[in-house]
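The next block is coords_21.txt, given as compact mmCIF, C-alpha atoms.
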# COMPACT_ATOMS: atom_id res chain seq x y z
CA MET K 1 -97.44 43.42 196.79
CA LYS K 2 -94.57 43.51 194.32
CA ARG K 3 -94.12 42.19 190.82
CA ARG K 4 -91.31 39.86 189.91
CA ARG K 5 -89.91 38.69 186.59
CA HIS K 6 -90.90 35.39 184.92
CA HIS K 7 -88.43 32.53 185.22
CA THR K 8 -88.24 29.07 183.67
CA ALA K 9 -90.59 27.70 186.32
CA LEU K 10 -93.28 30.07 185.10
CA LEU K 11 -92.64 28.97 181.51
CA LEU K 12 -93.19 25.35 182.57
CA LEU K 13 -96.47 26.30 184.20
CA ALA K 14 -97.61 28.32 181.18
CA LEU K 15 -96.68 25.58 178.72
CA ALA K 16 -98.35 22.87 180.77
CA THR K 17 -101.80 24.45 180.38
CA THR K 18 -103.37 26.00 177.30
CA LEU K 19 -105.39 29.18 177.75
CA PRO K 20 -109.14 28.49 177.58
CA LEU K 21 -110.71 29.74 174.39
CA GLY K 22 -112.90 32.21 176.23
CA ALA K 23 -109.83 33.99 177.65
CA GLN K 24 -107.94 34.43 174.41
CA THR K 25 -109.06 38.00 173.73
CA THR K 26 -109.33 39.14 177.33
CA GLY K 27 -107.02 41.96 178.32
CA TYR K 28 -105.88 42.97 174.81
CA ALA K 29 -106.02 46.56 173.65
CA VAL K 30 -108.25 46.92 170.60
CA ASP K 31 -108.79 49.72 168.11
CA SER K 32 -110.33 50.14 164.68
CA THR K 33 -107.04 51.30 163.14
CA CYS K 34 -103.93 49.38 162.13
CA GLY K 35 -100.60 50.39 160.61
CA CYS K 36 -100.63 47.81 157.84
CA ASP K 37 -97.72 47.12 155.52
CA ILE K 38 -97.10 44.75 152.61
CA PHE K 39 -93.43 44.21 153.38
CA PHE K 40 -91.05 45.69 155.91
CA VAL K 41 -87.22 45.85 155.75
CA ASP K 42 -84.88 48.10 157.76
CA GLY K 43 -87.71 50.34 158.91
CA ILE K 44 -89.16 50.78 155.40
CA GLN K 45 -92.69 49.64 154.53
CA THR K 46 -93.97 48.73 151.10
CA THR K 47 -97.24 50.54 150.28
CA ARG K 48 -99.80 49.89 147.58
CA GLU K 49 -102.59 51.76 145.82
CA GLY K 50 -104.37 49.76 143.16
CA ASP K 51 -101.69 48.18 140.98
CA LEU K 52 -98.94 50.65 141.96
CA TYR K 53 -96.41 50.44 144.77
CA GLY K 54 -94.31 52.83 146.83
CA PHE K 55 -92.51 53.07 150.17
CA ARG K 56 -92.80 54.85 153.49
CA ARG K 57 -90.98 54.74 156.79
CA TYR K 58 -92.49 53.15 159.88
CA ASP K 59 -93.31 56.63 161.25
CA GLY K 60 -95.43 57.33 158.16
CA THR K 61 -92.91 59.48 156.24
CA VAL K 62 -93.40 58.89 152.51
CA LEU K 63 -90.20 57.86 150.72
CA THR K 64 -91.78 57.41 147.31
CA PRO K 65 -95.43 57.72 146.27
CA ASN K 66 -97.18 54.73 144.74
CA ILE K 67 -95.77 55.11 141.23
CA TYR K 68 -94.03 51.78 140.54
CA ARG K 69 -95.62 48.89 138.72
CA TYR K 70 -93.54 46.41 140.69
CA VAL K 71 -90.93 46.62 143.46
CA GLY K 72 -88.38 44.30 145.01
CA GLN K 73 -87.11 44.25 148.60
CA PHE K 74 -84.40 46.44 150.06
CA THR K 75 -80.95 44.83 150.19
CA ASN K 76 -78.01 46.70 151.69
CA GLY K 77 -79.91 49.97 151.32
CA TYR K 78 -81.00 49.51 147.68
CA CYS K 79 -84.15 48.23 146.02
CA MET K 80 -85.02 47.42 142.40
CA VAL K 81 -88.18 49.04 141.01
CA TRP K 82 -90.07 48.71 137.71
CA MET K 83 -92.16 51.14 135.67
CA GLU K 84 -94.01 50.67 132.40
CA ASP K 85 -92.18 51.64 129.22
CA THR K 86 -94.01 54.75 128.00
CA THR K 87 -92.37 55.01 124.59
CA ALA K 88 -94.74 55.12 121.62
CA GLU K 89 -93.68 51.70 120.41
CA ALA K 90 -94.14 50.14 123.84
CA THR K 91 -97.55 51.70 124.50
CA ASN K 92 -98.88 50.16 121.29
CA ALA K 93 -98.10 46.69 122.64
CA SER K 94 -100.90 44.64 124.22
CA GLU K 95 -98.90 44.59 127.46
CA PRO K 96 -96.35 47.43 127.74
CA PRO K 97 -92.96 46.05 128.87
CA LEU K 98 -91.45 47.00 132.21
CA LEU K 99 -88.20 48.91 132.62
CA CYS K 100 -86.05 48.53 135.70
CA GLY K 101 -84.27 51.03 137.94
CA LEU K 102 -82.78 51.28 141.41
CA ILE K 103 -83.69 53.41 144.45
CA ASP K 104 -81.85 53.90 147.75
CA SER K 105 -83.23 54.00 151.29
CA THR K 106 -84.09 57.70 150.95
CA GLY K 107 -86.34 56.97 147.96
CA ARG K 108 -83.92 58.58 145.51
CA GLN K 109 -83.75 57.01 142.05
CA VAL K 110 -80.10 55.99 141.88
CA VAL K 111 -80.65 54.47 138.45
CA PRO K 112 -83.68 55.68 136.47
CA CYS K 113 -86.14 53.12 135.13
CA LEU K 114 -84.60 52.88 131.65
CA TYR K 115 -83.18 49.36 131.61
CA HIS K 116 -84.22 45.75 131.22
CA ALA K 117 -81.95 44.65 134.09
CA VAL K 118 -80.08 46.41 136.89
CA GLY K 119 -77.53 45.03 139.35
CA ILE K 120 -76.76 45.95 142.96
CA PRO K 121 -73.97 48.54 143.48
CA ASN K 122 -70.50 47.25 144.19
CA GLU K 123 -67.30 49.29 144.30
CA GLY K 124 -69.14 52.35 143.00
CA ARG K 125 -70.43 50.68 139.84
CA ILE K 126 -73.87 49.32 138.88
CA SER K 127 -74.34 46.95 135.96
CA VAL K 128 -77.27 47.77 133.65
CA LYS K 129 -78.70 46.04 130.59
CA ARG K 130 -80.64 47.55 127.72
CA ASP K 131 -81.82 45.19 124.98
CA SER K 132 -78.88 42.74 124.65
CA LEU K 133 -76.00 44.95 125.82
CA PHE K 134 -74.53 45.61 129.28
CA GLY K 135 -72.75 48.65 130.68
CA TYR K 136 -72.19 50.34 134.05
CA THR K 137 -73.40 53.49 135.78
CA ASP K 138 -71.93 55.21 138.83
CA LEU K 139 -73.85 55.79 142.07
CA SER K 140 -75.49 58.90 140.61
CA GLY K 141 -76.96 56.90 137.71
CA ARG K 142 -74.58 58.46 135.17
CA MET K 143 -73.41 56.04 132.47
CA VAL K 144 -69.64 55.68 132.96
CA ILE K 145 -69.01 52.51 130.93
CA PRO K 146 -71.21 52.46 127.79
CA LEU K 147 -73.53 49.63 126.85
CA GLN K 148 -71.21 47.38 124.85
CA PHE K 149 -70.82 43.97 126.55
CA ARG K 150 -72.80 40.80 125.91
CA ASP K 151 -72.53 39.79 129.56
CA ALA K 152 -71.27 41.55 132.69
CA GLY K 153 -70.68 40.71 136.36
CA ILE K 154 -70.14 42.71 139.54
CA PHE K 155 -66.97 44.62 140.36
CA SER K 156 -64.64 43.21 143.01
CA CYS K 157 -60.96 43.88 143.57
CA GLY K 158 -61.32 46.66 140.99
CA ARG K 159 -62.24 44.20 138.25
CA ALA K 160 -65.46 42.98 136.63
CA PRO K 161 -65.89 39.98 134.28
CA VAL K 162 -67.38 40.89 130.89
CA ALA K 163 -68.10 39.11 127.60
CA VAL K 164 -66.81 40.69 124.38
CA VAL K 165 -67.60 39.81 120.77
CA VAL K 166 -64.37 39.15 118.84
CA ASP K 167 -64.21 39.19 115.03
CA SER K 168 -67.98 39.84 114.89
CA PHE K 169 -68.69 36.24 115.79
CA PHE K 170 -66.78 34.69 118.70
CA LEU K 171 -67.69 35.51 122.30
CA PHE K 172 -64.85 35.60 124.82
CA TYR K 173 -64.50 36.81 128.41
CA THR K 174 -62.03 39.14 130.05
CA TYR K 175 -62.00 41.66 132.89
CA ILE K 176 -62.32 45.44 132.88
CA ASP K 177 -61.30 48.04 135.46
CA THR K 178 -63.66 50.69 136.87
CA LEU K 179 -62.94 52.95 133.85
CA GLY K 180 -63.99 50.23 131.41
CA ARG K 181 -60.48 49.38 130.17
CA GLN K 182 -59.72 45.73 129.40
CA VAL K 183 -57.11 44.38 131.82
CA PHE K 184 -55.93 41.79 129.28
CA PRO K 185 -57.22 40.59 125.91
CA PRO K 186 -60.42 38.47 125.94
CA HIS K 187 -59.73 34.79 125.40
CA TYR K 188 -61.57 32.89 128.15
CA GLN K 189 -64.77 30.91 127.65
CA GLN K 190 -66.06 31.95 131.08
CA THR K 191 -64.88 34.04 134.03
CA LEU K 192 -66.18 34.66 137.55
CA PRO K 193 -65.72 37.68 139.87
CA TYR K 194 -62.47 38.05 141.79
CA ILE K 195 -62.28 37.06 145.44
CA ASP K 196 -59.25 38.18 147.48
CA GLY K 197 -57.32 38.84 144.27
CA TYR K 198 -58.04 35.50 142.57
CA ALA K 199 -60.69 34.39 140.07
CA PRO K 200 -61.76 31.11 138.47
CA ALA K 201 -61.60 31.18 134.67
CA LYS K 202 -62.38 28.64 131.97
CA LEU K 203 -60.01 28.18 129.03
CA TYR K 204 -61.49 25.93 126.36
CA ASP K 205 -63.07 23.16 128.43
CA ARG K 206 -60.84 23.36 131.54
CA TRP K 207 -60.90 25.55 134.65
CA GLY K 208 -58.01 27.24 136.43
CA VAL K 209 -57.31 30.23 138.69
CA ILE K 210 -55.78 33.55 137.63
CA ASP K 211 -54.54 36.58 139.60
CA LEU K 212 -55.34 40.25 138.97
CA GLU K 213 -52.88 40.45 136.06
CA GLY K 214 -54.10 37.26 134.43
CA ASN K 215 -51.19 35.09 135.60
CA GLU K 216 -52.03 31.38 135.83
CA ILE K 217 -52.03 30.33 139.50
CA VAL K 218 -53.88 27.02 139.35
CA PRO K 219 -53.34 25.34 135.94
CA PHE K 220 -56.19 25.03 133.47
CA ALA K 221 -56.50 21.29 133.96
CA PHE K 222 -59.78 20.70 135.82
CA GLU K 223 -63.37 19.99 134.87
CA SER K 224 -64.73 21.80 137.91
CA LEU K 225 -63.54 24.52 140.25
CA THR K 226 -64.94 26.27 143.32
CA ALA K 227 -64.60 29.98 143.98
CA PRO K 228 -61.64 30.90 146.23
CA ASP K 229 -62.62 30.80 149.88
CA HIS K 230 -60.05 32.09 152.37
CA ARG K 231 -57.38 31.26 149.75
CA ILE K 232 -58.55 27.66 149.38
CA VAL K 233 -59.97 26.47 146.08
CA PHE K 234 -61.19 22.96 145.29
CA ALA K 235 -60.50 21.61 141.81
CA GLY K 236 -61.31 18.24 140.32
CA ASP K 237 -62.44 15.99 137.54
CA GLN K 238 -64.78 13.02 137.45
CA GLU K 239 -62.63 10.89 139.74
CA ASP K 240 -60.50 13.18 141.90
CA MET K 241 -60.82 16.39 143.92
CA ALA K 242 -57.98 18.41 145.45
CA ALA K 243 -57.72 21.49 147.65
CA PHE K 244 -55.24 24.16 146.51
CA LEU K 245 -53.89 26.75 148.90
CA LEU K 246 -53.43 30.02 147.00
CA PRO K 247 -50.28 32.05 147.78
CA LYS K 248 -50.56 35.06 150.09
CA HIS K 249 -48.19 37.54 148.51
CA SER K 250 -46.20 36.33 145.52
CA PRO K 251 -48.70 35.45 142.76
CA ARG K 252 -45.97 33.80 140.69
CA ARG K 253 -44.95 31.40 143.45
CA GLN K 254 -45.46 27.79 142.47
CA ILE K 255 -48.13 26.08 144.54
CA ALA K 256 -48.95 22.47 145.33
CA PRO K 257 -52.18 20.82 146.43
CA ALA K 258 -52.97 21.57 150.08
CA SER K 259 -54.73 18.21 150.46
CA PRO K 260 -54.73 14.86 148.68
CA PHE K 261 -57.16 14.16 145.84
CA ILE K 262 -59.69 12.62 148.22
CA TYR K 263 -62.11 15.34 149.40
CA ILE K 264 -65.37 16.73 148.12
CA PRO K 265 -66.19 20.16 149.63
CA LEU K 266 -69.61 20.53 151.20
CA SER K 267 -69.60 24.16 152.37
CA ASN K 268 -67.71 27.42 152.35
CA ALA K 269 -65.37 28.15 155.24
CA SER K 270 -67.07 29.09 158.49
CA ASP K 271 -65.21 29.59 161.78
CA ASN K 272 -62.06 28.56 159.84
CA ARG K 273 -63.54 25.14 159.06
CA ILE K 274 -64.64 23.64 155.73
CA ALA K 275 -67.03 20.68 155.73
CA VAL K 276 -65.83 17.88 153.42
CA TYR K 277 -66.82 14.38 152.32
CA ARG K 278 -64.41 11.46 152.04
CA ASP K 279 -64.94 7.72 151.70
CA GLY K 280 -68.62 7.93 152.62
CA LYS K 281 -68.09 10.04 155.75
CA HIS K 282 -68.04 13.74 156.68
CA GLY K 283 -65.50 15.84 158.54
CA PHE K 284 -63.75 19.23 158.46
CA LEU K 285 -60.57 20.76 157.03
CA ASP K 286 -58.84 23.88 158.34
CA LEU K 287 -57.81 26.73 156.05
CA GLU K 288 -54.47 25.04 155.31
CA GLY K 289 -56.19 21.92 153.99
CA ASN K 290 -55.53 19.77 157.08
CA GLU K 291 -58.19 17.33 158.27
CA VAL K 292 -58.64 18.71 161.79
CA ILE K 293 -61.94 16.96 162.53
CA PRO K 294 -61.86 13.38 161.21
CA CYS K 295 -64.30 12.19 158.58
CA VAL K 296 -66.27 9.88 160.87
CA TYR K 297 -69.77 11.39 160.71
CA ASP K 298 -72.73 10.46 158.52
CA GLU K 299 -73.72 14.13 158.27
CA VAL K 300 -72.36 17.48 159.41
CA GLY K 301 -73.62 21.06 159.36
CA THR K 302 -71.81 24.34 158.89
CA PHE K 303 -70.12 25.90 161.90
CA ARG K 304 -72.00 28.77 163.52
CA ARG K 305 -70.83 30.47 166.70
CA GLY K 306 -68.09 27.84 166.93
CA ARG K 307 -70.58 24.97 166.93
CA ALA K 308 -71.75 22.49 164.28
CA MET K 309 -74.36 19.76 164.05
CA VAL K 310 -73.13 16.18 163.54
CA ARG K 311 -75.00 12.94 162.95
CA GLN K 312 -74.00 9.32 163.45
CA GLY K 313 -76.66 6.86 162.40
CA ASP K 314 -80.01 8.36 163.39
CA ARG K 315 -78.64 10.32 166.37
CA TYR K 316 -77.60 13.97 166.45
CA GLY K 317 -75.24 16.06 168.54
CA ILE K 318 -73.14 19.23 168.47
CA ILE K 319 -69.34 19.64 168.35
CA ASP K 320 -66.98 22.62 168.58
CA THR K 321 -64.19 23.62 166.17
CA LEU K 322 -61.74 21.29 167.93
CA GLY K 323 -64.07 18.33 167.43
CA ASP K 324 -64.99 18.14 171.12
CA THR K 325 -68.55 17.09 171.90
CA ILE K 326 -70.76 19.91 173.21
CA LEU K 327 -74.05 18.02 173.02
CA PRO K 328 -73.90 14.19 173.20
CA ILE K 329 -74.77 12.41 169.96
CA GLU K 330 -77.97 10.93 171.34
CA TYR K 331 -80.68 13.34 170.16
CA GLU K 332 -83.30 12.97 167.40
CA ASP K 333 -84.70 14.81 164.41
CA LYS K 334 -88.13 13.30 163.79
CA SER K 335 -90.46 16.30 163.90
CA ILE K 336 -91.21 18.27 160.75
CA LYS K 337 -89.62 21.57 161.78
CA GLY K 338 -86.02 22.11 160.59
CA HIS K 339 -83.06 24.18 161.75
CA LYS K 340 -82.34 21.89 164.68
CA TYR K 341 -78.88 21.78 166.26
CA VAL K 342 -77.99 25.15 164.69
CA TYR K 343 -77.43 28.20 166.88
CA TYR K 344 -79.57 31.30 166.50
CA ASN K 345 -79.29 33.98 169.19
CA ASP K 346 -76.85 31.55 170.89
CA LEU K 347 -79.58 28.91 171.40
CA ALA K 348 -80.12 25.70 169.41
CA LEU K 349 -83.32 23.70 169.01
CA VAL K 350 -82.96 20.01 170.02
CA GLU K 351 -85.29 17.02 170.14
CA GLN K 352 -85.48 13.86 172.21
CA ASN K 353 -88.29 11.32 172.65
CA GLY K 354 -90.64 13.41 170.53
CA ARG K 355 -90.24 16.57 172.64
CA LEU K 356 -88.27 19.71 171.80
CA GLY K 357 -86.26 22.22 173.83
CA PHE K 358 -83.33 24.63 173.49
CA VAL K 359 -79.69 24.36 174.59
CA ASP K 360 -77.08 27.10 175.03
CA LEU K 361 -73.52 27.21 173.67
CA GLN K 362 -72.36 24.88 176.43
CA GLY K 363 -75.05 22.29 175.60
CA ARG K 364 -77.11 23.04 178.73
CA LEU K 365 -80.90 22.92 178.45
CA VAL K 366 -82.28 26.44 178.74
CA VAL K 367 -85.80 25.41 177.71
CA PRO K 368 -86.63 21.85 178.87
CA LEU K 369 -87.71 19.13 176.45
CA ILE K 370 -91.45 19.79 176.83
CA LEU K 371 -92.44 21.44 173.54
CA ASP K 372 -94.56 19.73 170.90
CA GLN K 373 -93.22 21.92 168.08
CA ALA K 374 -90.86 24.87 167.76
CA TYR K 375 -88.90 26.96 165.30
CA HIS K 376 -85.44 28.46 165.73
CA PHE K 377 -84.81 31.81 167.41
CA SER K 378 -84.90 34.98 165.34
CA GLN K 379 -84.64 38.53 166.68
CA ASN K 380 -84.41 37.09 170.22
CA LEU K 381 -87.78 35.29 169.95
CA ALA K 382 -88.78 31.75 169.00
CA PRO K 383 -92.25 30.36 168.12
CA VAL K 384 -93.18 27.38 170.29
CA ASN K 385 -96.18 25.04 170.41
CA LYS K 386 -97.68 23.18 173.32
CA ASP K 387 -100.98 21.26 173.22
CA GLY K 388 -101.90 22.65 169.82
CA TYR K 389 -101.34 26.36 170.45
CA TRP K 390 -98.44 28.60 169.48
CA GLY K 391 -96.74 31.46 171.32
CA TYR K 392 -93.28 33.03 171.57
CA ILE K 393 -90.49 32.66 174.13
CA ASP K 394 -87.50 34.96 174.64
CA ILE K 395 -83.80 34.02 174.92
CA HIS K 396 -84.17 33.53 178.70
CA GLY K 397 -86.79 30.84 178.15
CA ASP K 398 -89.61 33.08 179.39
CA LEU K 399 -93.00 33.17 177.72
CA TYR K 400 -93.11 36.45 175.77
CA LEU K 401 -96.37 36.10 173.78
CA PRO K 402 -98.96 33.67 175.19
CA LEU K 403 -100.01 30.36 173.69
CA ILE K 404 -103.05 31.61 171.76
CA PHE K 405 -102.13 31.29 168.08
CA ASP K 406 -103.19 28.57 165.64
CA PHE K 407 -99.81 29.09 163.92
CA ALA K 408 -96.74 31.31 164.42
CA SER K 409 -93.63 31.79 162.26
CA PRO K 410 -90.10 33.04 163.07
CA PHE K 411 -89.54 36.80 162.79
CA GLN K 412 -87.94 38.15 159.64
CA HIS K 413 -87.30 41.87 159.05
CA ASN K 414 -89.28 42.66 162.23
CA ARG K 415 -92.36 40.78 161.05
CA ALA K 416 -93.87 37.35 161.78
CA ASP K 417 -96.93 35.61 160.36
CA VAL K 418 -99.47 34.32 162.87
CA VAL K 419 -102.96 32.83 162.67
CA PHE K 420 -105.34 33.97 165.42
CA ASN K 421 -108.93 32.72 165.60
CA GLY K 422 -108.59 31.52 162.01
CA GLN K 423 -107.36 34.88 160.67
CA SER K 424 -103.89 35.41 159.16
CA LEU K 425 -102.10 38.44 160.65
CA LYS K 426 -98.64 39.98 160.86
CA ILE K 427 -97.06 41.13 164.11
CA ASP K 428 -93.85 42.96 165.04
CA PRO K 429 -91.41 41.85 167.80
CA THR K 430 -93.30 43.89 170.41
CA GLY K 431 -96.44 41.82 169.75
CA ARG K 432 -98.13 44.71 167.95
CA CYS K 433 -100.41 43.75 165.05
CA VAL K 434 -99.37 45.44 161.79
CA GLN K 435 -101.49 43.77 159.09
CA ASN K 436 -105.06 42.41 158.88
CA CYS K 437 -105.54 43.38 162.51
CA HIS K 438 -109.37 43.59 162.64
CA GLY K 439 -109.26 45.88 165.64
CA ILE K 440 -106.41 44.24 167.57
CA ILE K 441 -103.51 46.54 168.48
CA SER K 442 -101.25 44.22 170.48
CA PHE K 443 -101.01 40.61 171.60
CA ARG K 444 -98.92 41.46 174.65
CA ARG K 445 -100.85 40.87 177.83
CA LEU K 446 -101.68 43.72 180.15
CA PRO K 447 -99.37 43.90 183.21
CA GLU K 448 -101.81 42.12 185.52
CA MET K 449 -101.90 39.19 183.06
CA ASN K 450 -98.18 39.22 182.23
CA ASP K 451 -96.68 39.27 185.71
CA ASP K 452 -97.38 37.30 188.83
CA THR K 453 -97.32 38.92 192.25
CA SER K 454 -96.05 37.93 195.64
CA GLU K 455 -95.99 39.40 199.10
Using structure tokens, write down the structure from this file.
Amino acid sequence: MKRRRHHTALLLLALATTLPLGAQTTGYAVDSTCGCDIFFVDGIQTTREGDLYGFRRYDGTVLTPNIYRYVGQFTNGYCMVWMEDTTAEATNASEPPLLCGLIDSTGRQVVPCLYHAVGIPNEGRISVKRDSLFGYTDLSGRMVIPLQFRDAGIFSCGRAPVAVVVDSFFLFYTYIDTLGRQVFPPHYQQTLPYIDGYAPAKLYDRWGVIDLEGNEIVPFAFESLTAPDHRIVFAGDQEDMAAFLLPKHSPRRQIAPASPFIYIPLSNASDNRIAVYRDGKHGFLDLEGNEVIPCVYDEVGTFRRGRAMVRQGDRYGIIDTLGDTILPIEYEDKSIKGHKYVYYNDLALVEQNGRLGFVDLQGRLVVPLILDQAYHFSQNLAPVNKDGYWGYIDIHGDLYLPLIFDFASPFQHNRADVVFNGQSLKIDPTGRCVQNCHGIISFRRLPEMNDDTSE
């Protein structure tokens, strides 16, 4: 006897029949313990004791004890945390206010909990706010630009937009460098962070684009302006919209619109394509402002892995960056689950005649159109439903976790929400229960239940 791997045929067999209720708990390892967590990001678990929170690693190593009144989620290795203000004035209040700080993935307090707002580090600087003034610390939490601004943004291209009070009354914007020096005098009504050396700015009631020295690149003549995206910026007023192509090297070079005043942008550039709207239809521009995929569709998505959803009438399909059809425009979108015709883990959820399946980058069906419900792939697994029960399939179309759940969600940060026998649980991508387990360790079947045998 030898074991062999599941294939699509086995998936069809598994999906065609729902496990009987009496077999749902058979063969699962059970224990009275469970490694529960409140939230889990990049191997770090949120812990709680009473009304206080802390963090530990998945192996149980404590990063911070439960000392914070409130915590955020880790983003790029940093997390905002809050503690109660323990000053005499604050403790006399009916509800002591919270002060904010920042920790890193080692649990170190990068910025102590002394502020009313804290930003995420960028270019070695962290914006902080105390009362009504903003300043910046470095990555050690040391104040390097004192609290003096009425508003402050993130650093990019060595510049940060700040608001300065002029003549004790008027509020104007300018930019500072990483030492806090003003790059040019404040005279704008609003400014946004630099992107690739260019920034939108508002002068009186009109928007334009400036370079790092404050030179006017796109004139201050527009009611609206998008942030630069791969050197393209869309500007317009109530009637017209144009795409400007920003110069590569010479900031003083005169520029002209890259496209006529006919487009409305719908998305940022992705795979060198920008979704636009013109004359009631949707299409795509390239990064030079050329209409490379004609505006003939009733709806389009954003390109992902060189593929984008398109709709004509009530039928859906998928095209590539050249506008060639990958999936014929003859599919539907009637079920309640979203994210169809968008690639995750190189597979896209599709629907036809009330049944769902998955196609690969070439538009070939990897999972046949036999599912009642399904979500998109995440972390190489997708929740699927057949005959009222949910399970998970892998990127090969094989059944990974059996159809035993009342509900199952996509994985996010190595966690998914499931409902089993009426109880809400959390599982990790191995099928291990990590929260509200009630004695269950894993939902993976034992080998004799997970593999078939042949002579």
For region 116-122 of chain K: contacts at 12 Å, all atoms listed in the file, fewer than 3 positions along chain excluded, given as number ranges by chain:
K: 72-85, 97-104, 110-113, 125-141, 151-160, 178, 193
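The nearest approach to Thr325 (chain K) among the residues K:Leu361, K:Ala416, K:Ile210, K:Ala348, with all atoms listed in the file taken into account, belongs to K:Leu361.
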Could you list, as a PyMOL selection string, every residue within 7 Å of Asp417 (chain K), counting only C-alpha atoms and ignoring same-chain residues fewer than 3 positions away?
chain K and resi 408-409+425-427
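Using all atoms listed in the file, the smallest distance between any of K:Val310, K:Gln352, K:Asp346, K:Arg56 and Ile329 (chain K) comes from K:Val310.
If you look at CA of Leu246 (chain K) and CA of Arg304 (chain K), they are 24.9 Å away from each other.
Counting only C-alpha atoms and comparing K:Ala243, K:Arg307, K:Gly313, K:Leu203, the residue that lies closest to Leu285 (chain K) is K:Ala243.
For the set K:Asn414, K:Gly354, K:Trp207, K:Phe443, the residue with the smallest atom-to-atom gap to Asp42 (chain K) is K:Asn414, counting all atoms listed in the file.
Residue nearest Asp428 (chain K), chosen from K:Pro219, K:Arg150, K:Ile274, K:Val41 and counting only C-alpha atoms: K:Val41.
One distance worth recording is that between CA of Arg108 (chain K) and CA of Thr64 (chain K), which is 8.1 Å.
The spacing separating CA of Asn272 (chain K) from CA of Asp286 (chain K) amounts to 5.9 Å.
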Anything within 6 Å of (-88.2, 55.9, 151.8): list those residues as a ChimeraX atom specification, counting all atoms listed in the file and sticking to the file's coordinates.
/K:55-57,63-64,105-107
List the spatial neighbours of Gly357 (chain K) as a PDB file with C-alpha atoms, in the frame of the given file - criterion: any atom at most 6 Å away, only C-alpha atoms, same-chain residues fewer than 5 positions off excluded.
ATOM      1  CA  LEU K 349     -83.320  23.700 169.010  1.00  0.00           C
ATOM      2  CA  VAL K 350     -82.960  20.010 170.020  1.00  0.00           C
ATOM      3  CA  VAL K 367     -85.800  25.410 177.710  1.00  0.00           C
ATOM      4  CA  PRO K 368     -86.630  21.850 178.870  1.00  0.00           C
ATOM      5  CA  LEU K 369     -87.710  19.130 176.450  1.00  0.00           C
TER       6      LEU K 369
END
Skipping near chain neighbours, those fewer than 3 positions away, what residues fall within 6 Å of Pro200 (chain K) using all atoms listed in the file, listed as an mmCIF file with C-alpha atoms, in the coordinates of the input?
data_model
loop_
_atom_site.group_PDB
_atom_site.id
_atom_site.type_symbol
_atom_site.label_atom_id
_atom_site.label_comp_id
_atom_site.auth_asym_id
_atom_site.auth_seq_id
_atom_site.Cartn_x
_atom_site.Cartn_y
_atom_site.Cartn_z
ATOM 1 C CA LEU K 192 -66.180 34.660 137.550
ATOM 2 C CA GLY K 208 -58.010 27.240 136.430
ATOM 3 C CA VAL K 209 -57.310 30.230 138.690
#
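Among the candidate residues K:Gln45, K:Gln412, K:Thr191, K:Thr226, the one lying nearest to Asn380 (chain K) is K:Gln412, with distances computed using only C-alpha atoms.
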Can you pull out the residues contacting region 186-190 of chain K? Cut-off 12 Å, using all atoms listed in the file, and skip same-chain residues under 6 positions away; I want them as a PyMOL selection string.
chain K and resi 149+151-153+161-167+170-176+199-210+214+220
